[in-house]
$ cat entry-v7.tsv   # TSV, C-alpha atoms and all ligand atoms
chain	number	residue	atom	x	y	z
G	1	MET	CA	25.37	0.66	36.59
G	2	GLU	CA	29.11	0.60	37.07
G	3	VAL	CA	31.10	-0.60	34.05
G	4	LYS	CA	34.65	-1.90	34.39
G	5	LEU	CA	36.43	-2.10	31.07
G	6	ALA	CA	39.62	-4.16	30.99
G	7	LYS	CA	42.63	-2.07	29.93
G	8	THR	CA	43.95	-5.06	27.99
G	9	ALA	CA	40.73	-5.56	25.96
G	10	GLY	CA	41.13	-5.64	22.19
G	11	PHE	CA	43.95	-5.75	19.66
G	12	CYS	CA	47.25	-7.08	20.95
G	13	PHE	CA	50.57	-5.97	19.56
G	14	GLY	CA	50.82	-8.85	17.05
G	15	VAL	CA	47.32	-8.42	15.62
G	16	ARG	CA	47.77	-4.63	15.42
G	17	ARG	CA	50.99	-5.14	13.49
G	18	ALA	CA	49.43	-7.65	11.06
G	19	VAL	CA	46.41	-5.42	10.40
G	20	ASP	CA	48.65	-2.35	9.95
G	21	THR	CA	50.83	-4.34	7.52
G	22	VAL	CA	47.84	-5.02	5.27
G	23	TYR	CA	46.75	-1.36	5.22
G	24	ARG	CA	50.34	-0.19	4.70
G	25	GLU	CA	50.87	-2.55	1.75
G	26	LEU	CA	47.57	-1.36	0.23
G	27	GLU	CA	48.73	2.23	0.50
G	28	ASP	CA	52.34	1.75	-0.55
G	29	LYS	CA	51.65	-0.56	-3.49
G	30	PRO	CA	48.40	0.60	-5.09
G	31	ASP	CA	49.33	-1.12	-8.38
G	32	LYS	CA	49.80	-4.53	-6.72
G	33	LYS	CA	47.21	-7.09	-5.75
G	34	ILE	CA	47.30	-7.75	-1.99
G	35	TYR	CA	46.48	-11.20	-0.61
G	36	THR	CA	46.38	-12.56	2.91
G	37	TYR	CA	46.96	-16.26	3.49
G	38	GLY	CA	43.86	-16.98	5.56
G	39	PRO	CA	41.87	-14.19	7.21
G	40	ILE	CA	44.37	-11.79	8.80
G	41	ILE	CA	42.39	-11.77	12.05
G	42	HIS	CA	39.31	-13.50	13.39
G	43	ASN	CA	37.05	-10.58	12.85
G	44	GLY	CA	34.46	-10.41	10.11
G	45	GLU	CA	34.10	-6.60	10.22
G	46	VAL	CA	37.81	-5.97	9.66
G	47	ILE	CA	38.03	-8.61	6.90
G	48	LYS	CA	35.04	-7.06	5.13
G	49	ASP	CA	36.69	-3.63	5.20
G	50	MET	CA	39.90	-5.07	3.76
G	51	GLU	CA	38.02	-6.87	1.00
G	52	VAL	CA	36.25	-3.64	0.04
G	53	LYS	CA	39.70	-2.05	-0.27
G	54	GLY	CA	40.82	-4.82	-2.63
G	55	VAL	CA	42.40	-7.47	-0.39
G	56	THR	CA	41.76	-11.10	-1.34
G	57	VAL	CA	41.82	-13.82	1.32
G	58	LEU	CA	43.48	-17.01	0.07
G	59	LYS	CA	41.59	-19.93	1.57
G	60	ASN	CA	43.97	-22.82	0.99
G	61	GLU	CA	47.35	-23.88	-0.37
G	62	GLU	CA	45.97	-24.43	-3.86
G	63	GLU	CA	44.93	-20.79	-4.05
G	64	LEU	CA	48.27	-19.71	-2.60
G	65	TRP	CA	50.35	-21.61	-5.16
G	66	ALA	CA	48.23	-20.12	-7.94
G	67	VAL	CA	49.20	-16.52	-7.07
G	68	LYS	CA	50.91	-15.08	-10.12
G	69	ASP	CA	51.10	-11.42	-9.41
G	70	GLY	CA	50.83	-9.53	-6.16
G	71	ILE	CA	51.98	-9.77	-2.56
G	72	VAL	CA	50.94	-12.32	0.03
G	73	ILE	CA	50.79	-11.30	3.69
G	74	ILE	CA	51.35	-14.01	6.29
G	75	ARG	CA	49.15	-13.39	9.31
G	76	SER	CA	50.21	-13.17	12.96
G	77	HIS	CA	49.52	-16.92	13.55
G	78	GLY	CA	52.47	-17.79	11.30
G	79	VAL	CA	52.75	-20.73	8.88
G	80	PRO	CA	54.73	-23.99	8.68
G	81	LYS	CA	58.24	-23.69	7.26
G	82	TYR	CA	57.40	-25.51	4.01
G	83	ILE	CA	54.92	-22.75	3.10
G	84	CYS	CA	57.68	-20.09	3.22
G	85	ASP	CA	60.10	-22.39	1.38
G	86	ARG	CA	57.61	-23.13	-1.40
G	87	MET	CA	56.68	-19.46	-1.83
G	88	GLU	CA	60.36	-18.68	-2.24
G	89	GLU	CA	60.79	-21.50	-4.78
G	90	LEU	CA	57.80	-20.28	-6.77
G	91	GLY	CA	58.94	-16.66	-6.52
G	92	ILE	CA	55.78	-15.49	-4.75
G	93	PRO	CA	56.60	-12.22	-2.94
G	94	TYR	CA	55.39	-12.20	0.65
G	95	VAL	CA	55.47	-10.08	3.78
G	96	ASP	CA	55.77	-12.07	6.95
G	97	ALA	CA	53.54	-10.55	9.65
G	98	THR	CA	53.97	-13.53	11.97
G	99	CYS	CA	53.87	-12.16	15.51
G	100	THR	CA	57.35	-11.93	17.00
G	101	TYR	CA	56.23	-14.09	19.95
G	102	VAL	CA	55.14	-16.84	17.54
G	103	LYS	CA	58.33	-16.46	15.48
G	104	LYS	CA	60.32	-17.00	18.66
G	105	ILE	CA	58.53	-20.36	19.18
G	106	HIS	CA	59.34	-21.37	15.58
G	107	GLU	CA	63.01	-20.66	16.30
G	108	ILE	CA	62.92	-22.64	19.56
G	109	VAL	CA	61.27	-25.74	18.10
G	110	GLU	CA	63.50	-25.69	15.02
G	111	LYS	CA	66.64	-25.44	17.16
G	112	GLU	CA	65.55	-28.00	19.76
G	113	SER	CA	64.41	-30.46	17.07
G	114	LYS	CA	67.81	-30.20	15.41
G	115	LYS	CA	69.39	-30.93	18.79
G	116	GLY	CA	67.34	-34.15	18.91
G	117	ALA	CA	64.38	-33.24	21.12
G	118	HIS	CA	60.83	-34.49	20.79
G	119	ILE	CA	58.69	-31.33	20.65
G	120	VAL	CA	55.44	-31.15	22.59
G	121	VAL	CA	53.13	-28.27	21.72
G	122	ILE	CA	50.46	-27.65	24.33
G	123	GLY	CA	47.55	-26.15	22.44
G	124	ASN	CA	44.65	-26.85	20.11
G	125	ALA	CA	45.79	-29.18	17.34
G	126	ASP	CA	43.63	-27.64	14.65
G	127	HIS	CA	44.56	-24.03	15.44
G	128	PRO	CA	46.61	-22.46	12.60
G	129	GLU	CA	49.22	-21.18	15.05
G	130	VAL	CA	49.79	-24.72	16.37
G	131	GLU	CA	49.90	-26.15	12.83
G	132	GLY	CA	52.49	-23.50	12.02
G	133	ILE	CA	54.60	-24.30	15.09
G	134	CYS	CA	54.54	-28.04	14.30
G	135	GLY	CA	55.74	-27.18	10.81
G	136	TRP	CA	59.02	-25.80	12.20
G	137	ALA	CA	59.74	-28.92	14.25
G	138	GLY	CA	61.23	-32.10	12.85
G	139	GLU	CA	59.34	-35.38	12.68
G	140	SER	CA	59.06	-35.90	16.43
G	141	VAL	CA	56.32	-33.48	17.39
G	142	THR	CA	53.12	-34.05	19.36
G	143	VAL	CA	50.26	-31.71	20.16
G	144	VAL	CA	48.83	-32.15	23.64
G	145	SER	CA	45.39	-30.62	24.21
G	146	SER	CA	43.95	-32.61	27.08
G	147	ALA	CA	44.86	-34.55	30.20
G	148	GLU	CA	44.20	-37.73	28.24
G	149	ASP	CA	46.72	-36.70	25.53
G	150	ALA	CA	49.27	-35.90	28.25
G	151	GLU	CA	48.73	-39.27	29.96
G	152	LYS	CA	49.13	-41.14	26.68
G	153	PHE	CA	52.23	-39.25	25.56
G	154	SER	CA	55.69	-40.82	25.44
G	155	PRO	CA	58.62	-39.44	23.44
G	156	ALA	CA	59.90	-41.15	20.31
G	157	ASP	CA	63.07	-43.22	20.86
G	158	HIS	CA	63.41	-41.95	24.47
G	159	LYS	CA	64.35	-38.53	23.14
G	160	PRO	CA	64.56	-35.58	25.54
G	161	ILE	CA	61.37	-33.52	25.48
G	162	CYS	CA	60.95	-29.83	24.78
G	163	ILE	CA	57.52	-28.46	25.75
G	164	VAL	CA	56.20	-25.18	24.37
G	165	SER	CA	52.75	-23.65	24.45
G	166	GLN	CA	50.37	-22.04	21.99
G	167	THR	CA	50.74	-18.31	22.71
G	168	THR	CA	47.10	-17.84	23.68
G	169	TYR	CA	46.73	-20.92	25.87
G	170	ASN	CA	45.24	-20.81	29.34
G	171	TYR	CA	48.18	-20.73	31.76
G	172	ASN	CA	46.53	-22.95	34.39
G	173	LYS	CA	45.71	-25.63	31.82
G	174	PHE	CA	49.27	-25.43	30.50
G	175	LYS	CA	50.63	-25.97	34.03
G	176	ASP	CA	48.31	-28.95	34.63
G	177	LEU	CA	49.29	-30.67	31.38
G	178	VAL	CA	53.00	-30.04	31.96
G	179	GLU	CA	52.64	-31.56	35.41
G	180	ILE	CA	51.12	-34.77	34.03
G	181	ILE	CA	54.01	-35.18	31.57
G	182	SER	CA	56.64	-34.18	34.14
G	183	LYS	CA	55.48	-36.87	36.58
G	184	LYS	CA	56.60	-39.53	34.11
G	185	GLY	CA	60.21	-38.69	34.86
G	186	TYR	CA	61.43	-37.89	31.35
G	187	ASP	CA	64.21	-35.44	30.52
G	188	ILE	CA	62.07	-32.34	30.04
G	189	ASN	CA	62.74	-28.75	29.06
G	190	VAL	CA	59.61	-26.65	29.63
G	191	LEU	CA	59.30	-23.28	27.94
G	192	ASN	CA	56.23	-21.31	28.82
G	193	THR	CA	55.63	-19.51	25.54
G	194	ILE	CA	52.23	-18.05	26.39
G	195	CYS	CA	52.67	-14.46	25.26
G	196	SER	CA	52.74	-11.70	27.84
G	197	ALA	CA	49.83	-9.88	26.18
G	198	THR	CA	47.66	-12.98	26.60
G	199	LYS	CA	48.81	-13.57	30.15
G	200	LYS	CA	48.02	-9.99	31.19
G	201	ARG	CA	44.66	-10.08	29.40
G	202	GLN	CA	43.69	-13.35	31.14
G	203	GLU	CA	44.82	-12.16	34.58
G	204	GLU	CA	42.98	-8.86	34.26
G	205	ALA	CA	39.82	-10.60	32.97
G	206	ALA	CA	39.85	-13.06	35.88
G	207	SER	CA	40.32	-10.32	38.44
G	208	ILE	CA	37.50	-8.15	37.00
G	209	ALA	CA	35.17	-11.17	36.61
G	210	LYS	CA	35.61	-11.94	40.32
G	211	GLU	CA	34.42	-8.47	41.32
G	212	VAL	CA	31.42	-7.89	39.05
G	213	ASP	CA	27.81	-9.14	38.86
G	214	ALA	CA	28.03	-9.81	35.13
G	215	MET	CA	30.85	-10.09	32.65
G	216	ILE	CA	30.81	-9.49	28.90
G	217	VAL	CA	33.47	-11.06	26.69
G	218	ILE	CA	33.58	-9.64	23.16
G	219	GLY	CA	35.16	-11.46	20.26
G	220	ASP	CA	34.63	-13.60	17.20
G	221	LYS	CA	33.22	-17.08	17.90
G	222	HIS	CA	36.16	-18.60	16.01
G	223	SER	CA	38.78	-16.72	18.01
G	224	SER	CA	40.59	-19.21	20.21
G	225	ASN	CA	41.94	-16.57	22.62
G	226	THR	CA	38.43	-15.15	23.11
G	227	GLN	CA	37.06	-18.63	23.82
G	228	LYS	CA	39.71	-19.08	26.51
G	229	LEU	CA	38.95	-15.66	27.92
G	230	PHE	CA	35.31	-16.67	28.14
G	231	GLU	CA	36.23	-19.91	29.98
G	232	ILE	CA	38.31	-17.94	32.48
G	233	CYS	CA	35.62	-15.32	33.11
G	234	ASN	CA	32.85	-17.90	33.27
G	235	HIS	CA	34.81	-19.76	35.91
G	236	ALA	CA	34.99	-16.62	38.07
G	237	CYS	CA	31.53	-15.21	37.28
G	238	ASP	CA	28.43	-17.35	36.48
G	239	ASN	CA	26.87	-14.42	34.68
G	240	THR	CA	29.32	-14.27	31.77
G	241	TYR	CA	28.19	-13.52	28.21
G	242	TYR	CA	30.13	-14.17	25.00
G	243	ILE	CA	29.13	-11.75	22.26
G	244	GLN	CA	30.56	-10.89	18.84
G	245	THR	CA	28.99	-7.44	18.54
G	246	LEU	CA	26.47	-5.31	20.38
G	247	ASP	CA	23.64	-7.05	18.46
G	248	ASP	CA	24.28	-10.27	20.39
G	249	LEU	CA	23.84	-8.62	23.77
G	250	ASP	CA	20.60	-9.70	25.41
G	251	THR	CA	19.84	-6.57	27.40
G	252	SER	CA	17.25	-8.28	29.61
G	253	GLN	CA	20.07	-10.28	31.23
G	254	LEU	CA	21.69	-7.13	32.60
G	255	ARG	CA	18.60	-5.49	34.06
G	256	SER	CA	19.15	-6.51	37.65
G	257	VAL	CA	22.93	-6.19	37.94
G	258	GLU	CA	24.90	-3.32	39.42
G	259	THR	CA	28.39	-3.88	38.10
G	260	VAL	CA	29.40	-5.17	34.67
G	261	GLY	CA	32.88	-6.07	33.50
G	262	ILE	CA	33.93	-5.98	29.86
G	263	THR	CA	36.90	-7.60	28.18
G	264	ALA	CA	37.64	-8.56	24.58
G	265	GLY	CA	39.82	-10.91	22.57
G	266	ALA	CA	42.99	-9.93	20.74
G	267	SER	CA	41.22	-9.51	17.40
G	268	THR	CA	38.31	-7.36	18.57
G	269	PRO	CA	38.47	-3.82	17.13
G	270	LYS	CA	38.22	-0.84	19.46
G	271	ASN	CA	35.03	0.52	17.87
G	272	ILE	CA	33.11	-2.68	18.73
G	273	ILE	CA	34.33	-2.56	22.34
G	274	GLU	CA	33.40	1.12	22.65
G	275	GLU	CA	29.96	0.51	21.18
G	276	VAL	CA	29.21	-2.18	23.77
G	277	GLN	CA	30.67	-0.12	26.60
G	278	ASN	CA	28.66	3.00	25.68
G	279	ASN	CA	25.47	1.04	25.25
G	280	VAL	CA	25.77	-0.70	28.61
G	281	ARG	CA	26.59	2.62	30.33
G	282	ILE	CA	23.73	4.58	28.77
G	283	ASN	CA	20.97	2.01	28.76
G	284	PHE	CA	21.20	0.41	32.17
G	301	LIG	FE1	51.25	-12.11	19.31
G	301	LIG	FE2	50.33	-12.60	21.67
G	301	LIG	FE3	48.93	-11.26	20.00
G	301	LIG	S1	51.43	-13.97	20.38
G	301	LIG	S2	49.47	-12.06	18.03
G	301	LIG	S3	50.86	-10.60	20.90
G	301	LIG	S4	48.14	-12.74	21.41
$ encode --input "entry-v7.tsv" --output "structure tokens" --more "lines below"
Ligand code: F3S
Amino acid sequence: MEVKLAKTAGFCFGVRRAVDTVYRELEDKPDKKIYTYGPIIHNGEVIKDMEVKGVTVLKNEEELWAVKDGIVIIRSHGVPKYICDRMEELGIPYVDATCTYVKKIHEIVEKESKKGAHIVVIGNADHPEVEGICGWAGESVTVVSSAEDAEKFSPADHKPICIVSQTTYNYNKFKDLVEIISKKGYDINVLNTICSATKKRQEEAASIAKEVDAMIVIGDKHSSNTQKLFEICNHACDNTYYIQTLDDLDTSQLRSVETVGITAGASTPKNIIEEVQNNVRINF
């Protein structure tokens, strides 16, 4: 069995930085309580390890506002502006581990909103990154997730439109939705803000999936970038499997294949990828 492991599989730069920030704060400030606002990454194994080391995950705003002592770490997805403002008002110390690519989108939407644009965010409305981005725009902001949303969309008060994307969005879907809005003839400024790490990961996954008999995508079921990676691979290879850890791999499905491709989402730790890779190599 030949195994092709994607070079881009696993932690991206932003997730690595957020995870490292938590461990660094734990080490540097042993007398302080460390909190993360939401799970720092979509990976149960990593979260469990952090909890064992004393990190508490704050589940909602109520828990956040109640922090009296300690340091809050903002995860790579980022948060709406009012969250940062309120933490400052309440004197809650925090370390902002928002990925620099996401921060850049916050800056764009804030600036363009102030200039009078209606912001369109192409992405999943209930994803924390998208909620965060919307929270840096003014009142005129719309999330577009489907062709239907794009068809229905019209800007408030004939404002010019500024379109950005969730960093982990599927580039082809982004293009299709932009095209629908563009056809309406509005004054549009399109900024493709899909991050380069995501773009490379998706391109590599698609090219491996095309060449192999079966494809394995590893990542948490709640990870939006892994779900998109699965969609892309599944489109190129019918035999694509979405697993969270080695335990989910149904070995009988790989019995008759000769080549297997492996990729993983941005929040999948290296040890899980290696475990799957070694198992597939040895056992088939
Ligand atoms: Fe940042 Fe891209 Fe990762 S936006 S968190 S480098 S997927």
$ atom_distance --input "entry-v7.tsv" --atom1 "CA of Ser252 (chain G)" --atom2 "CA of Gln277 (chain G)"
16.0 Å
$ closest_residue --input "entry-v7.tsv" --among "G:Gly261, G:Gly116, G:Gly91, G:Gly132" --to "His77 (chain G)" --atoms "all atoms listed in the file"
G:Gly132
$ closest_residue --input "entry-v7.tsv" --among "G:Glu148, G:Ile34, G:His222, G:Val143" --to "Ile92 (chain G)" --atoms "all atoms listed in the file"
G:Ile34
$ residues_near_ligand --input "entry-v7.tsv" --ligand "ligand LIG 301 (chain G)" --cutoff "12 Å" --atoms "only C-alpha atoms and all ligand atoms" --output "VMD selection string"
chain G and resid 8 to 19 40 to 42 75 to 78 97 to 106 129 to 130 165 to 170 193 to 202 223 to 226 228 to 229 264 to 268
$ atom_distance --input "entry-v7.tsv" --atom1 "CA of Lys7 (chain G)" --atom2 "CA of Ile122 (chain G)"
27.3 Å
$ atom_distance --input "entry-v7.tsv" --atom1 "CA of Glu88 (chain G)" --atom2 "CA of Gly38 (chain G)"
18.3 Å
$ closest_residue --input "entry-v7.tsv" --among "G:Asp250, G:Ile83, G:Trp65, G:Cys233" --to "Met215 (chain G)" --atoms "only C-alpha atoms"
G:Cys233
$ closest_residue --input "entry-v7.tsv" --among "G:Ala150, G:Val144, G:Val79, G:Ile208" --to "Lys183 (chain G)" --atoms "all atoms listed in the file"
G:Ala150
$ closest_residue --input "entry-v7.tsv" --among "G:Leu177, G:Ile71, G:Val276, G:Ala66" --to "Asp31 (chain G)" --atoms "all atoms listed in the file"
G:Ile71
$ closest_residue --input "entry-v7.tsv" --among "G:Ala236, G:Thr142, G:Gly219, G:Ser207" --to "Pro269 (chain G)" --atoms "all atoms listed in the file"
G:Gly219
$ axis_aligned_box --input "entry-v7.tsv" --around "region 172-175 of chain G" --padding-each-side "8 Å" --output "JSON"
{"center_x": 48.2, "center_y": -24.5, "center_z": 32.4, "size_x": 20.9, "size_y": 19.0, "size_z": 19.9}
$ residues_around --input "entry-v7.tsv" --residues "Leu58 (chain G)" --least-positions-apart "3" --cutoff "8 Å" --atoms "all atoms listed in the file" --output "list in words"
Tyr35, Thr36, Tyr37, Gly38, Pro39, Glu61, Glu63 and Leu64 of chain G
$ residues_around --input "entry-v7.tsv" --residues "region 255-260 of chain G" --least-positions-apart "4" --cutoff "7 Å" --atoms "all atoms listed in the file" --output "list in words"
Met1, Glu2, Val3, Lys4, Val212, Asp213, Ala214, Met215, Thr251 and Phe284 of chain G
$ write_last_selection --input "entry-v7.tsv" --atoms "C-alpha atoms" --output "tab-separated table (two decimals), keeping the file's coordinate frame"
chain	number	residue	atom	x	y	z
G	1	MET	CA	25.37	0.66	36.59
G	2	GLU	CA	29.11	0.60	37.07
G	3	VAL	CA	31.10	-0.60	34.05
G	4	LYS	CA	34.65	-1.90	34.39
G	212	VAL	CA	31.42	-7.89	39.05
G	213	ASP	CA	27.81	-9.14	38.86
G	214	ALA	CA	28.03	-9.81	35.13
G	215	MET	CA	30.85	-10.09	32.65
G	251	THR	CA	19.84	-6.57	27.40
G	284	PHE	CA	21.20	0.41	32.17
$ residues_near_point --input "entry-v7.tsv" --point "(56.7, -26.6, 14.9)" --cutoff "9 Å" --atoms "only C-alpha atoms" --output "PyMOL selection string"
chain G and resi 80-81+105-110+113+119+121+130-138+141
